[in-house]
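For reference, work-v3.cif is printed below; it contains mmCIF, C-alpha atoms (C1' of nucleotides).
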```cif
data_run
#
loop_
_atom_site.group_PDB
_atom_site.id
_atom_site.type_symbol
_atom_site.label_atom_id
_atom_site.label_comp_id
_atom_site.auth_asym_id
_atom_site.auth_seq_id
_atom_site.Cartn_x
_atom_site.Cartn_y
_atom_site.Cartn_z
ATOM 1 C CA MET V 964 1.811 28.987 -17.351
ATOM 2 C CA THR V 965 3.961 25.894 -17.272
ATOM 3 C CA GLY V 966 3.957 26.472 -13.538
ATOM 4 C CA VAL V 967 4.865 23.426 -11.536
ATOM 5 C CA ALA V 968 7.536 21.741 -13.594
ATOM 6 C CA VAL V 969 8.524 18.271 -12.524
ATOM 7 C CA ARG V 970 12.198 17.838 -13.191
ATOM 8 C CA SER V 971 13.237 14.586 -14.830
ATOM 9 C CA THR V 972 15.664 12.736 -12.655
ATOM 10 C CA LYS V 973 17.135 9.290 -12.568
ATOM 11 C CA GLN V 974 15.478 8.495 -9.249
ATOM 12 C CA ARG V 975 12.078 9.671 -10.282
ATOM 13 C CA ALA V 976 12.289 7.609 -13.455
ATOM 14 C CA ALA V 977 13.333 4.542 -11.483
ATOM 15 C CA ILE V 978 10.314 4.839 -9.199
ATOM 16 C CA ALA V 979 7.937 5.369 -12.085
ATOM 17 C CA ALA V 980 9.415 2.411 -13.936
ATOM 18 C CA LEU V 981 9.132 0.172 -10.922
ATOM 19 C CA LEU V 982 5.503 1.112 -10.418
ATOM 20 C CA GLU V 983 4.834 0.028 -13.991
ATOM 21 C CA ASN V 984 5.723 -3.533 -13.123
ATOM 22 C CA VAL V 985 3.492 -3.725 -10.095
ATOM 23 C CA ASP V 986 -0.257 -4.212 -10.079
ATOM 24 C CA GLU V 987 -0.878 -4.130 -6.372
ATOM 25 C CA PHE V 988 -0.284 -1.683 -3.556
ATOM 26 C CA ARG V 989 3.266 -1.558 -2.231
ATOM 27 C CA SER V 990 4.636 0.318 0.737
ATOM 28 C CA ALA V 991 7.157 3.109 0.278
ATOM 29 C CA GLN V 992 9.740 1.067 2.125
ATOM 30 C CA GLU V 993 9.161 -2.011 -0.020
ATOM 31 C CA LEU V 994 9.492 0.112 -3.111
ATOM 32 C CA HIS V 995 12.692 1.605 -1.753
ATOM 33 C CA ASP V 996 14.031 -1.831 -0.874
ATOM 34 C CA GLU V 997 13.249 -3.090 -4.362
ATOM 35 C CA LEU V 998 14.951 -0.076 -5.927
ATOM 36 C CA ARG V 999 18.102 -0.637 -3.894
ATOM 37 C CA ARG V 1000 17.981 -4.291 -4.843
ATOM 38 C CA ARG V 1001 18.054 -3.219 -8.474
ATOM 39 C CA GLY V 1002 21.134 -1.174 -7.828
ATOM 40 C CA GLU V 1003 19.410 2.194 -7.901
ATOM 41 C CA GLY V 1004 21.247 4.399 -5.435
ATOM 42 C CA ILE V 1005 18.133 6.044 -4.134
ATOM 43 C CA GLY V 1006 17.301 7.256 -0.648
ATOM 44 C CA LEU V 1007 14.273 6.378 1.398
ATOM 45 C CA THR V 1008 13.442 10.055 1.761
ATOM 46 C CA THR V 1009 13.380 10.522 -1.979
ATOM 47 C CA VAL V 1010 11.056 7.571 -2.381
ATOM 48 C CA TYR V 1011 8.692 9.008 0.193
ATOM 49 C CA ARG V 1012 8.746 12.483 -1.300
ATOM 50 C CA THR V 1013 8.410 11.307 -4.874
ATOM 51 C CA LEU V 1014 5.535 9.017 -3.965
ATOM 52 C CA GLN V 1015 3.803 11.893 -2.198
ATOM 53 C CA THR V 1016 4.258 14.139 -5.192
ATOM 54 C CA MET V 1017 2.961 11.511 -7.549
ATOM 55 C CA ALA V 1018 -0.007 10.834 -5.309
ATOM 56 C CA ALA V 1019 -0.778 14.547 -5.128
ATOM 57 C CA SER V 1020 -0.617 14.735 -8.902
ATOM 58 C CA GLY V 1021 -2.936 11.807 -9.216
ATOM 59 C CA LEU V 1022 -0.263 9.674 -10.862
ATOM 60 C CA VAL V 1023 -0.604 7.005 -8.207
ATOM 61 C CA ASP V 1024 -3.232 5.933 -5.722
ATOM 62 C CA SER V 1025 -2.280 5.708 -2.089
ATOM 63 C CA LEU V 1026 -3.939 4.419 1.015
ATOM 64 C CA ARG V 1027 -3.104 3.373 4.531
ATOM 65 C CA THR V 1028 -2.721 -0.268 5.451
ATOM 66 C CA ASP V 1029 -3.956 -1.865 8.625
ATOM 67 C CA THR V 1030 -0.515 -1.455 10.155
ATOM 68 C CA GLY V 1031 -0.357 2.251 9.456
ATOM 69 C CA GLU V 1032 1.901 2.042 6.439
ATOM 70 C CA SER V 1033 1.217 4.078 3.340
ATOM 71 C CA VAL V 1034 0.971 1.966 0.224
ATOM 72 C CA TYR V 1035 1.008 3.082 -3.373
ATOM 73 C CA ARG V 1036 -0.162 1.672 -6.684
ATOM 74 C CA ARG V 1037 -0.018 3.076 -10.173
ATOM 75 C CA CYS V 1038 -3.266 4.532 -11.406
ATOM 76 C CA SER V 1039 -5.477 2.950 -14.019
ATOM 77 C CA ALA V 1040 -4.454 -0.483 -12.850
ATOM 78 C CA HIS V 1041 -7.134 -3.099 -13.129
ATOM 79 C CA HIS V 1042 -7.724 -3.239 -9.453
ATOM 80 C CA HIS V 1043 -9.518 -5.559 -7.136
ATOM 81 C CA HIS V 1044 -10.438 -5.317 -3.480
ATOM 82 C CA HIS V 1045 -9.727 -7.562 -0.555
ATOM 83 C CA LEU V 1046 -11.888 -9.693 1.649
ATOM 84 C CA VAL V 1047 -9.846 -10.246 4.776
ATOM 85 C CA CYS V 1048 -10.393 -12.819 7.496
ATOM 86 C CA ARG V 1049 -10.062 -11.444 11.038
ATOM 87 C CA GLY V 1050 -9.080 -14.881 12.257
ATOM 88 C CA CYS V 1051 -6.336 -16.184 10.030
ATOM 89 C CA GLY V 1052 -5.625 -13.091 7.989
ATOM 90 C CA THR V 1053 -6.419 -14.790 4.714
ATOM 91 C CA ALA V 1054 -7.089 -12.226 2.006
ATOM 92 C CA VAL V 1055 -9.287 -13.053 -0.942
ATOM 93 C CA GLU V 1056 -9.175 -10.851 -4.001
ATOM 94 C CA VAL V 1057 -12.605 -9.843 -5.183
ATOM 95 C CA GLN V 1058 -13.860 -7.828 -8.107
ATOM 96 C CA GLY V 1059 -15.624 -4.565 -7.485
ATOM 97 C CA GLY V 1060 -18.648 -5.257 -9.638
ATOM 98 C CA ALA V 1061 -21.689 -3.388 -8.346
ATOM 99 C CA ALA V 1062 -19.621 -1.487 -5.817
ATOM 100 C CA GLU V 1063 -17.427 0.047 -8.515
ATOM 101 C CA LYS V 1064 -20.470 1.380 -10.286
ATOM 102 C CA TRP V 1065 -22.059 2.534 -7.067
ATOM 103 C CA ALA V 1066 -18.979 4.490 -6.044
ATOM 104 C CA ALA V 1067 -18.695 6.177 -9.417
ATOM 105 C CA ASP V 1068 -22.393 6.941 -9.388
ATOM 106 C CA VAL V 1069 -22.419 8.459 -5.918
ATOM 107 C CA ALA V 1070 -19.384 10.572 -6.748
ATOM 108 C CA ARG V 1071 -20.975 11.871 -9.916
ATOM 109 C CA GLU V 1072 -24.195 12.725 -8.104
ATOM 110 C CA HIS V 1073 -22.173 15.021 -5.897
ATOM 111 C CA GLY V 1074 -20.291 16.575 -8.780
ATOM 112 C CA PHE V 1075 -17.033 14.819 -8.026
ATOM 113 C CA THR V 1076 -14.515 13.956 -10.716
ATOM 114 C CA ASP V 1077 -11.222 12.096 -10.883
ATOM 115 C CA VAL V 1078 -12.654 9.566 -8.500
ATOM 116 C CA THR V 1079 -10.926 6.635 -6.857
ATOM 117 C CA HIS V 1080 -12.128 4.486 -4.022
ATOM 118 C CA THR V 1081 -11.038 2.034 -1.412
ATOM 119 C CA ILE V 1082 -13.137 -0.882 -0.292
ATOM 120 C CA GLU V 1083 -12.119 -3.334 2.339
ATOM 121 C CA ILE V 1084 -14.298 -6.114 3.643
ATOM 122 C CA PHE V 1085 -13.528 -7.791 6.934
ATOM 123 C CA GLY V 1086 -15.124 -10.942 8.266
ATOM 124 C CA VAL V 1087 -14.506 -14.411 9.597
ATOM 125 C CA CYS V 1088 -13.904 -17.173 7.065
ATOM 126 C CA GLY V 1089 -15.471 -20.596 7.384
ATOM 127 C CA ASP V 1090 -12.260 -21.979 8.798
ATOM 128 C CA CYS V 1091 -12.197 -19.515 11.645
ATOM 129 C CA VAL V 1092 -15.827 -19.575 12.739
ATOM 130 C CA PRO V 1093 -15.844 -20.130 16.505
ATOM 131 C CA ALA V 1094 -17.247 -23.613 17.033
ATOM 132 C CA ASP V 1095 -18.878 -22.760 20.363
ATOM 133 C CA SER V 1096 -19.183 -18.998 20.444
ATOM 134 C CA ALA V 1097 -19.560 -18.237 24.126
ATOM 135 C CA GLY V 1098 -21.745 -15.260 23.673
ATOM 136 C CA MET O 1316 -14.510 -22.926 30.157
ATOM 137 C CA THR O 1317 -15.166 -19.310 30.879
ATOM 138 C CA GLY O 1318 -11.704 -18.755 29.517
ATOM 139 C CA VAL O 1319 -10.994 -15.163 28.599
ATOM 140 C CA ALA O 1320 -12.952 -13.187 31.132
ATOM 141 C CA VAL O 1321 -13.171 -9.472 30.618
ATOM 142 C CA ARG O 1322 -12.979 -7.849 34.000
ATOM 143 C CA SER O 1323 -15.412 -5.044 34.680
ATOM 144 C CA THR O 1324 -13.577 -1.899 35.481
ATOM 145 C CA LYS O 1325 -14.462 1.760 35.773
ATOM 146 C CA GLN O 1326 -12.285 2.692 32.824
ATOM 147 C CA ARG O 1327 -13.613 0.035 30.545
ATOM 148 C CA ALA O 1328 -17.186 1.037 31.391
ATOM 149 C CA ALA O 1329 -16.355 4.669 30.685
ATOM 150 C CA ILE O 1330 -15.007 3.826 27.247
ATOM 151 C CA ALA O 1331 -17.955 1.615 26.410
ATOM 152 C CA ALA O 1332 -20.374 4.298 27.583
ATOM 153 C CA LEU O 1333 -18.654 6.957 25.537
ATOM 154 C CA LEU O 1334 -18.777 4.824 22.418
ATOM 155 C CA GLU O 1335 -22.528 4.519 22.900
ATOM 156 C CA ASN O 1336 -22.923 8.226 22.317
ATOM 157 C CA VAL O 1337 -20.894 8.313 19.152
ATOM 158 C CA ASP O 1338 -22.035 7.223 15.713
ATOM 159 C CA GLU O 1339 -18.892 7.889 13.787
ATOM 160 C CA PHE O 1340 -15.273 6.779 13.928
ATOM 161 C CA ARG O 1341 -13.152 8.465 16.572
ATOM 162 C CA SER O 1342 -9.440 8.158 17.177
ATOM 163 C CA ALA O 1343 -8.094 6.624 20.365
ATOM 164 C CA GLN O 1344 -6.602 9.952 21.328
ATOM 165 C CA GLU O 1345 -9.845 11.831 20.759
ATOM 166 C CA LEU O 1346 -11.663 9.271 22.838
ATOM 167 C CA HIS O 1347 -9.068 9.616 25.563
ATOM 168 C CA ASP O 1348 -9.304 13.383 25.418
ATOM 169 C CA GLU O 1349 -13.068 13.245 25.709
ATOM 170 C CA LEU O 1350 -12.835 10.858 28.645
ATOM 171 C CA ARG O 1351 -10.458 13.177 30.497
ATOM 172 C CA ARG O 1352 -12.744 16.060 29.702
ATOM 173 C CA ARG O 1353 -15.510 14.170 31.450
ATOM 174 C CA GLY O 1354 -13.370 13.813 34.505
ATOM 175 C CA GLU O 1355 -12.554 10.154 34.004
ATOM 176 C CA GLY O 1356 -9.049 9.609 35.318
ATOM 177 C CA ILE O 1357 -8.041 7.288 32.540
ATOM 178 C CA GLY O 1358 -4.689 6.814 30.842
ATOM 179 C CA LEU O 1359 -3.992 6.938 27.132
ATOM 180 C CA THR O 1360 -2.442 3.487 27.321
ATOM 181 C CA THR O 1361 -5.572 2.035 28.832
ATOM 182 C CA VAL O 1362 -7.697 3.568 26.108
ATOM 183 C CA TYR O 1363 -5.462 2.065 23.454
ATOM 184 C CA ARG O 1364 -5.396 -1.333 25.071
ATOM 185 C CA THR O 1365 -9.100 -1.432 25.808
ATOM 186 C CA LEU O 1366 -9.942 -0.363 22.284
ATOM 187 C CA GLN O 1367 -7.698 -3.081 20.905
ATOM 188 C CA THR O 1368 -9.329 -5.665 23.103
ATOM 189 C CA MET O 1369 -12.796 -4.528 22.109
ATOM 190 C CA ALA O 1370 -11.831 -4.552 18.447
ATOM 191 C CA ALA O 1371 -10.421 -8.053 18.766
ATOM 192 C CA SER O 1372 -13.628 -9.171 20.421
ATOM 193 C CA GLY O 1373 -15.653 -7.623 17.662
ATOM 194 C CA LEU O 1374 -17.268 -5.133 20.036
ATOM 195 C CA VAL O 1375 -16.053 -2.213 17.950
ATOM 196 C CA ASP O 1376 -14.963 -1.672 14.381
ATOM 197 C CA SER O 1377 -11.604 -0.115 13.773
ATOM 198 C CA LEU O 1378 -9.749 1.170 10.755
ATOM 199 C CA ARG O 1379 -6.874 3.371 9.821
ATOM 200 C CA THR O 1380 -7.402 6.961 8.742
ATOM 201 C CA ASP O 1381 -5.577 8.720 5.981
ATOM 202 C CA THR O 1382 -3.199 10.212 8.525
ATOM 203 C CA GLY O 1383 -2.283 6.866 9.989
ATOM 204 C CA GLU O 1384 -4.431 7.112 13.072
ATOM 205 C CA SER O 1385 -6.536 4.211 14.266
ATOM 206 C CA VAL O 1386 -10.180 5.106 14.649
ATOM 207 C CA TYR O 1387 -12.929 3.181 16.382
ATOM 208 C CA ARG O 1388 -16.691 3.037 16.190
ATOM 209 C CA ARG O 1389 -19.197 0.917 18.071
ATOM 210 C CA CYS O 1390 -20.561 -1.984 16.086
ATOM 211 C CA SER O 1391 -24.048 -2.164 14.689
ATOM 212 C CA ALA O 1392 -24.098 1.591 14.254
ATOM 213 C CA HIS O 1393 -26.146 2.817 11.352
ATOM 214 C CA HIS O 1394 -23.135 3.801 9.383
ATOM 215 C CA HIS O 1395 -22.518 5.803 6.282
ATOM 216 C CA HIS O 1396 -19.449 6.267 4.140
ATOM 217 C CA HIS O 1397 -17.554 9.336 3.072
ATOM 218 C CA LEU O 1398 -16.939 10.972 -0.233
ATOM 219 C CA VAL O 1399 -13.867 13.128 0.280
ATOM 220 C CA CYS O 1400 -12.574 15.924 -1.928
ATOM 221 C CA ARG O 1401 -8.829 15.830 -2.520
ATOM 222 C CA GLY O 1402 -8.827 19.565 -3.061
ATOM 223 C CA CYS O 1403 -10.646 21.153 -0.142
ATOM 224 C CA GLY O 1404 -11.082 18.136 2.067
ATOM 225 C CA THR O 1405 -14.857 18.426 2.093
ATOM 226 C CA ALA O 1406 -16.433 15.169 3.187
ATOM 227 C CA VAL O 1407 -19.911 14.224 2.081
ATOM 228 C CA GLU O 1408 -21.755 11.495 3.925
ATOM 229 C CA VAL O 1409 -23.251 8.944 1.587
ATOM 230 C CA GLN O 1410 -25.382 5.874 2.126
ATOM 231 C CA GLY O 1411 -24.000 2.479 1.233
ATOM 232 C CA GLY O 1412 -26.938 1.344 -0.875
ATOM 233 C CA ALA O 1413 -25.813 -1.113 -3.527
ATOM 234 C CA ALA O 1414 -22.318 -1.282 -2.121
ATOM 235 C CA GLU O 1415 -23.582 -2.518 1.241
ATOM 236 C CA LYS O 1416 -25.406 -5.349 -0.437
ATOM 237 C CA TRP O 1417 -22.499 -6.126 -2.725
ATOM 238 C CA ALA O 1418 -20.060 -6.373 0.179
ATOM 239 C CA ALA O 1419 -22.337 -8.668 2.133
ATOM 240 C CA ASP O 1420 -22.945 -10.757 -0.949
ATOM 241 C CA VAL O 1421 -19.284 -11.157 -1.830
ATOM 242 C CA ALA O 1422 -18.442 -12.067 1.740
ATOM 243 C CA ARG O 1423 -21.164 -14.710 1.848
ATOM 244 C CA GLU O 1424 -20.002 -16.203 -1.430
ATOM 245 C CA HIS O 1425 -16.654 -16.825 0.185
ATOM 246 C CA GLY O 1426 -18.138 -18.283 3.323
ATOM 247 C CA PHE O 1427 -17.350 -15.283 5.470
ATOM 248 C CA THR O 1428 -19.476 -14.305 8.454
ATOM 249 C CA ASP O 1429 -19.553 -11.440 10.935
ATOM 250 C CA VAL O 1430 -18.758 -9.091 8.094
ATOM 251 C CA THR O 1431 -18.010 -5.394 8.200
ATOM 252 C CA HIS O 1432 -16.599 -3.181 5.509
ATOM 253 C CA THR O 1433 -14.950 0.105 4.848
ATOM 254 C CA ILE O 1434 -15.588 2.186 1.784
ATOM 255 C CA GLU O 1435 -13.920 5.476 1.070
ATOM 256 C CA ILE O 1436 -14.372 7.444 -2.101
ATOM 257 C CA PHE O 1437 -11.906 10.138 -3.083
ATOM 258 C CA GLY O 1438 -12.313 12.656 -5.849
ATOM 259 C CA VAL O 1439 -12.338 16.317 -6.759
ATOM 260 C CA CYS O 1440 -15.493 18.275 -6.079
ATOM 261 C CA GLY O 1441 -16.937 20.759 -8.532
ATOM 262 C CA ASP O 1442 -15.427 23.611 -6.562
ATOM 263 C CA CYS O 1443 -11.926 22.263 -6.879
ATOM 264 C CA VAL O 1444 -11.883 21.218 -10.526
ATOM 265 C CA PRO O 1445 -8.767 22.768 -12.124
ATOM 266 C CA ALA O 1446 -10.066 25.495 -14.448
ATOM 267 C CA ASP O 1447 -7.259 25.114 -16.960
ATOM 268 C CA SER O 1448 -5.863 21.647 -16.459
ATOM 269 C CA ALA O 1449 -2.540 21.812 -18.267
ATOM 270 C CA GLY O 1450 -2.513 18.125 -19.154
ATOM 271 C "C1'" DC B 953 23.948 30.161 -13.030
ATOM 272 C "C1'" DT B 954 19.683 29.077 -10.336
ATOM 273 C "C1'" DC B 955 16.425 26.313 -8.231
ATOM 274 C "C1'" DG B 956 14.534 21.925 -7.636
ATOM 275 C "C1'" DC B 957 15.860 17.192 -6.327
ATOM 276 C "C1'" DT B 958 18.423 14.349 -3.324
ATOM 277 C "C1'" DG B 959 19.735 12.192 0.955
ATOM 278 C "C1'" DC B 960 21.445 11.710 5.727
ATOM 279 C "C1'" DA B 961 19.950 11.979 10.195
ATOM 280 C "C1'" DA B 962 17.280 13.946 13.574
ATOM 281 C "C1'" DA B 963 12.595 15.204 14.542
ATOM 282 C "C1'" DC B 964 7.841 13.735 14.941
ATOM 283 C "C1'" DC B 965 3.922 11.455 16.343
ATOM 284 C "C1'" DA B 966 0.788 7.744 16.957
ATOM 285 C "C1'" DT B 967 1.071 3.420 18.989
ATOM 286 C "C1'" DT B 968 3.142 -0.331 21.796
ATOM 287 C "C1'" DT B 969 5.646 -2.332 25.654
ATOM 288 C "C1'" DG B 970 7.988 -2.992 30.417
ATOM 289 C "C1'" DC B 971 7.294 -2.889 34.988
ATOM 290 C "C1'" DA B 972 5.003 -2.402 39.527
ATOM 291 C "C1'" DC B 973 0.910 -1.286 42.109
ATOM 292 C "C1'" DG B 974 -4.264 -1.503 42.672
ATOM 293 C "C1'" DT B 975 -8.332 -3.981 42.336
ATOM 294 C "C1'" DG B 976 -11.930 -7.292 40.785
ATOM 295 C "C1'" DG B 977 -13.493 -11.896 41.477
ATOM 296 C "C1'" DC U 276 -5.106 -14.118 47.692
ATOM 297 C "C1'" DC U 277 -3.792 -14.040 42.409
ATOM 298 C "C1'" DA U 278 -4.071 -12.484 37.878
ATOM 299 C "C1'" DC U 279 -5.578 -9.025 35.173
ATOM 300 C "C1'" DG U 280 -6.206 -4.067 34.488
ATOM 301 C "C1'" DT U 281 -3.966 0.296 34.830
ATOM 302 C "C1'" DG U 282 -0.712 3.931 33.906
ATOM 303 C "C1'" DC U 283 3.734 6.257 33.446
ATOM 304 C "C1'" DA U 284 7.516 6.689 30.578
ATOM 305 C "C1'" DA U 285 10.572 4.892 27.420
ATOM 306 C "C1'" DA U 286 10.840 2.246 23.165
ATOM 307 C "C1'" DT U 287 9.260 1.458 18.502
ATOM 308 C "C1'" DG U 288 8.613 2.342 13.813
ATOM 309 C "C1'" DG U 289 6.819 4.569 9.833
ATOM 310 C "C1'" DT U 290 6.881 9.173 7.929
ATOM 311 C "C1'" DT U 291 8.397 14.037 7.617
ATOM 312 C "C1'" DT U 292 11.649 17.885 7.860
ATOM 313 C "C1'" DG U 293 16.205 20.685 7.962
ATOM 314 C "C1'" DC U 294 20.061 21.629 5.651
ATOM 315 C "C1'" DA U 295 23.850 21.396 2.216
ATOM 316 C "C1'" DG U 296 25.513 19.604 -2.309
ATOM 317 C "C1'" DC U 297 24.497 18.127 -7.212
ATOM 318 C "C1'" DG U 298 22.357 18.182 -11.517
ATOM 319 C "C1'" DA U 299 18.601 19.740 -14.868
ATOM 320 C "C1'" DG U 300 17.157 23.436 -17.683
#
```
Produce structure tokens that represent the structure in this file.
Amino acid sequence: MTGVAVRSTKQRAAIAALLENVDEFRSAQELHDELRRRGEGIGLTTVYRTLQTMAASGLVDSLRTDTGESVYRRCSAHHHHHLVCRGCGTAVEVQGGAAEKWAADVAREHGFTDVTHTIEIFGVCGDCVPADSAG
Amino acid sequence: MTGVAVRSTKQRAAIAALLENVDEFRSAQELHDELRRRGEGIGLTTVYRTLQTMAASGLVDSLRTDTGESVYRRCSAHHHHHLVCRGCGTAVEVQGGAAEKWAADVAREHGFTDVTHTIEIFGVCGDCVPADSAG
DNA sequence: CTCGCTGCAAACCATTTGCACGTGG
DNA sequence: CCACGTGCAAATGGTTTGCAGCGAG
């Protein structure tokens, strides 16, 4: 019944440990780069595969960035969302508030459990408002 | 003063027209496929470039799917969000409700205008709940 | 010992870019 | 006419896969 046993390895531990020190989403390549920087002789492939396994097991949350990269973050982190400006790219961290509750509520209504969500807000900040919008 | 003029072309019109008939996000490749299916002799590159231009102009909303594909949807569409099951992939359409208001509110607080948002909720539906979760 | 984990490099696939011709204005 | 739009094909770049060796149990 033990079924899928996850073998304890040096690499896997290194990734898990690194994730513990990070609160925000990081790309697989950044994680790999950081690991190498720490002297962990780990391969990019292993980072990708381990991250996928962890994500599948619900140990980490993963999502796709605007540039198509997959980013990961440890679960149960006190997360926030981003308000991004289309003009200058400025990203403001915002708290979920009502949205957090709404998401959890909607999920529950549909019988969903183990819920996570992703919210991204895009707009134009006061600094980038076109002064003479042509149309 | 006219500055960036968007030239009217057959291809661009075809893409714009197609987007009018779609309420949900579609990938550039799907759009291209549909266009070819309609007999429009349009290239994939053109679809990509036109979509990018339209997105930059705010004519369409674009975001990245879970598989890394860019998807586009015409603006001002009466949109809904998705509640996706990690187990079977079932996607339930849900209305924004409180979240819509929250997003708009947060954006306004930070002086943002022309706001759009993306909300994705992931979880495990009742059908996919592990019967004997080992943990 | 056996099987999963690891890692290199090639495979993949969506997207982007270079270059030259056609066309809108 | 002149610059932008178009499109083919190659380039790019992040992610995945094949295959052979090592280490955990």
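Between atom CA of V:Ala976 and atom C1' of U:DG296 the interatomic distance comes to 21.0 Å.
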Each residue of chain B with at least one atom at most 12 Å from chain V should appear once, together with its nearest atom pair and the corresponding distance in Å (one decimal); atoms considered: all atoms listed in the file; ordering: chain, then increasing residue number; output as CSV.
```
residue,atom,partner,partner_atom,distance
B:DC955,C1',V:Arg970,CA,10.7
B:DG956,C1',V:Arg970,CA,7.3
B:DC957,C1',V:Thr972,CA,7.7
B:DT958,C1',V:Thr1009,CA,6.5
B:DG959,C1',V:Gly1006,CA,5.7
B:DC960,C1',V:Gly1006,CA,8.8
B:DA961,C1',V:Thr1008,CA,10.8
B:DA966,C1',V:Gly1031,CA,9.4
B:DT967,C1',V:Gly1031,CA,9.7
```
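Note that the spacing between atom CA of O:Glu1384 and atom CA of O:Ile1330 amounts to 18.0 Å.
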Write out as a PDB file with C-alpha atoms (C1' of nucleotides), in the frame of the given file which residues come within 12 Å of B:DA972 when counting all atoms listed in the file, dropping same-chain ones fewer than 2 positions away.
```
ATOM      1  C1'  DG B 970       7.988  -2.992  30.417  1.00  0.00           C
ATOM      2  C1'  DG B 974      -4.264  -1.503  42.672  1.00  0.00           C
TER       3       DG B 974
ATOM      4  C1'  DT U 281      -3.966   0.296  34.830  1.00  0.00           C
ATOM      5  C1'  DG U 282      -0.712   3.931  33.906  1.00  0.00           C
ATOM      6  C1'  DC U 283       3.734   6.257  33.446  1.00  0.00           C
TER       7       DC U 283
END
```
Chain O contacts on chain V, all atoms listed in the file, 7 Å, as a list in words: Leu1026, Arg1027, Asp1029, Gly1031, Leu1046, Ala1061, Ala1062, Trp1065, Ala1066, Ala1070, Gly1074, Phe1075, Thr1076, Asp1077, Val1078, Thr1079, His1080, Thr1081, Ile1082, Glu1083, Ile1084, Phe1085, Gly1086, Val1087, Cys1088 and Gly1089 of chain V
Counting all atoms listed in the file, collect the residues of chain U whose closest atom lies at most 9 Å from chain V, and write them out as a ChimeraX atom specification. /U:289-291,298-300
Just the number, please: distance in Å from atom CA of O:Gln1367 to atom CA of V:Ser990, one decimal. 23.9 Å
Extending 4 Å beyond the listed atoms of stretch 960-969 of chain B on each side, what axis-aligned box results? I want centre and edge lengths in Å to one decimal, as JSON.
```
{"center_x": 11.1, "center_y": 6.4, "center_z": 15.7, "size_x": 28.7, "size_y": 25.5, "size_z": 27.9}
```
Name every residue that the PyMOL selection byres ((chain U and resi 293) around 10) selects in this structure, writing the answer as an NGL selection string with chains first and numbers rising. (:B and (961-963)) or (:U and (292 or 294-295))
